[in-house]
Amino acid sequence: MDVLDPIGLTTLRAAVREGTFERAAKALSITPSAVSQRMRALERAVGSVLVTRTKPVQATPDGEVLLALAVQWSLLRDEAVARLTASQSEESEEHPRVRVSVPVACGADTLGLLLLPAMASVEEQVPVSFEIFREDEAHSVDLLRQGRVVCALSSDPTPIHGHTAEPLGTLRYLPLATPRYLERHLPEGPTPEALATAPVIAFDRKDDHQYAYLDRVLRHDLRPPTTYVPGNREFEEAVLLGLGWGLVPEGRMHAELESGELTRIGPGYREVPVVWHRPRLASTVLDLIGEELGERAREVLRPPAAWGDLPRR
């Protein structure tokens, strides 16, 4: 079996994406036995184990190499088929548009601020659908390394092998809380002693923005009581309800700052780089996504900058 056999690559991708050979078989319209046979043949051709026979199925390091190839090959195949069908006939019930499928990883904030508007604009220009893998900005590029996605928005500026990393700008986060919260938990101001026990809100356990802010401002590694709220709107609502203070993207709650419903708990801010990672291959769809992300970034992001008004020690 050819190592680069697209049938084997497609089966590998389906097994990892679906999590079991049974669900992969259903997605591919074949039997589970056929999935198992294809995977054994691919592993024999490569000379190594590519997936764990667990639930869910997971790619081994060697499997991730081929999985990345499978994801990129699928994108290029879809683009080629879309161009061919578009040139052959007009769209109709008998000849629907072939859509290019793009799996992409990003964080919750960059999803709403950048990716969704870019996706909508791209979809108006070419037939495309997206599968979003929401992951913390510091970890989203890991999904690219694992071959789970074909592109990613990340805070990691380091390009991975075979990919480019284009800086789009920085997303500024402001430390916000309600005036009532400040009265209860920080009556003497943002001292290290008070912030060590003042409740904070984080998105999930991978979200270390708040801790990094405290470390930068106070030069103290604090871990105050934390409430985890894994949703953008819900996170902001938790801040408004006084459950804790949290870092909110600049401009997201401008009206509440203007009205006095929210206030900054102390000096400074946190700036997080936003970087567009994509493979070095000729893809009209990825080119369009990159262009639209760049346009949106110029509207909502700041140019790369240092820590600005943070106090120095």
# chains A, B, ... in the order shown; residues from 1 in each chain; ligands from 1
$ residues_around --residues "Leu288 (chain A)" --least-positions-apart "5" --cutoff "9 Å" --atoms "only C-alpha atoms" --output "list of chain:residue names"
A:Ala118, A:Ser121, A:Val122, A:Gln125, A:Ser283, A:Leu293
$ closest_atom_pairs --of "region 184-282 of chain A" --to "region 104-112 of chain A" --cutoff "10 Å" --atoms "only C-alpha atoms" --output "Markdown table"
| residue | atom | partner | partner_atom | distance |
| --- | --- | --- | --- | --- |
| A:Phe203 | CA | A:Ala108 | CA | 9.0 |
| A:Pro230 | CA | A:Ala108 | CA | 8.9 |
| A:Gly231 | CA | A:Ala108 | CA | 7.6 |
| A:Asn232 | CA | A:Ala108 | CA | 6.8 |
| A:Val248 | CA | A:Asp109 | CA | 9.2 |
| A:Pro249 | CA | A:Asp109 | CA | 7.6 |
| A:Arg252 | CA | A:Asp109 | CA | 9.9 |
| A:Val274 | CA | A:Thr110 | CA | 8.0 |
| A:Trp276 | CA | A:Cys106 | CA | 9.6 |
| A:His277 | CA | A:Ala105 | CA | 9.6 |
| A:Arg278 | CA | A:Val104 | CA | 9.5 |
$ write_last_selection --atoms "N, CA and C atoms" --output "short mmCIF file (atom, residue, chain, number, x, y, z; two decimals), in the first residue's frame"
data_model
loop_
_atom_site.label_atom_id
_atom_site.label_comp_id
_atom_site.auth_asym_id
_atom_site.auth_seq_id
_atom_site.Cartn_x
_atom_site.Cartn_y
_atom_site.Cartn_z
N PHE A 203 -11.83 31.71 32.15
CA PHE A 203 -12.65 31.00 31.16
C PHE A 203 -12.67 29.50 31.45
N PRO A 230 -16.97 29.10 31.17
CA PRO A 230 -16.49 28.85 29.81
C PRO A 230 -17.44 29.33 28.71
N GLY A 231 -17.69 30.63 28.68
CA GLY A 231 -18.50 31.22 27.63
C GLY A 231 -18.30 32.72 27.64
N ASN A 232 -18.12 33.32 26.46
CA ASN A 232 -17.80 34.75 26.42
C ASN A 232 -18.87 35.60 27.08
N VAL A 248 -11.21 41.43 30.31
CA VAL A 248 -12.20 41.49 29.23
C VAL A 248 -11.56 42.20 28.04
N PRO A 249 -11.74 41.68 26.81
CA PRO A 249 -11.17 42.35 25.64
C PRO A 249 -11.58 43.82 25.55
N ARG A 252 -15.09 45.44 24.35
CA ARG A 252 -16.20 44.50 24.46
C ARG A 252 -17.28 45.03 25.40
N VAL A 274 -1.93 37.96 18.46
CA VAL A 274 -2.81 37.13 17.65
C VAL A 274 -2.07 36.80 16.36
N TRP A 276 -1.79 34.23 12.85
CA TRP A 276 -2.49 33.37 11.90
C TRP A 276 -1.51 32.30 11.38
N HIS A 277 -1.80 31.05 11.71
CA HIS A 277 -0.97 29.91 11.28
C HIS A 277 -1.69 29.16 10.16
N ARG A 278 -0.97 28.89 9.08
CA ARG A 278 -1.53 28.14 7.96
C ARG A 278 -0.40 27.39 7.24
#
$ residues_around --residues "Thr10 (chain A)" --least-positions-apart "2" --cutoff "9 Å" --atoms "only C-alpha atoms" --output "JSON, numbers by chain"
{"A": [5, 6, 7, 8, 12, 13, 14, 15, 28, 67, 70, 71, 74]}
$ write_last_selection --atoms "C-alpha atoms" --output "compact mmCIF listing (two decimals), in the first residue's frame"
# COMPACT_ATOMS: atom_id res chain seq x y z
CA ASP A 5 -2.70 6.50 -0.54
CA PRO A 6 -5.61 8.96 -0.11
CA ILE A 7 -7.95 6.14 0.95
CA GLY A 8 -5.73 5.29 3.88
CA LEU A 12 -7.02 7.69 9.38
CA ARG A 13 -8.62 11.10 9.58
CA ALA A 14 -12.10 9.66 10.02
CA ALA A 15 -10.95 7.32 12.79
CA LEU A 28 -17.24 6.57 5.39
CA LEU A 67 -3.00 13.19 9.93
CA ALA A 70 -4.63 14.04 5.41
CA VAL A 71 -6.22 17.32 6.53
CA SER A 74 -8.69 16.94 1.99
$ closest_residue --among "A:Leu75, A:Ile30, A:Ala198, A:Leu144" --to "Thr226 (chain A)" --atoms "only C-alpha atoms"
A:Ala198
$ closest_residue --among "A:Thr197, A:Thr85, A:Ser101, A:Thr11" --to "Ser33 (chain A)" --atoms "only C-alpha atoms"
A:Thr11
$ residues_around --residues "Val128 (chain A)" --least-positions-apart "5" --cutoff "8 Å" --atoms "only C-alpha atoms" --output "list of chain:residue names"
A:Arg99, A:Val100, A:Ser101, A:Val102, A:Val122, A:Glu123, A:Val285
$ residues_around --residues "region 46-55 of chain A" --least-positions-apart "6" --cutoff "12 Å" --atoms "only C-alpha atoms" --output "PyMOL selection string"
chain A and resi 1-5+8-9+11-23+36+38-40+61-67
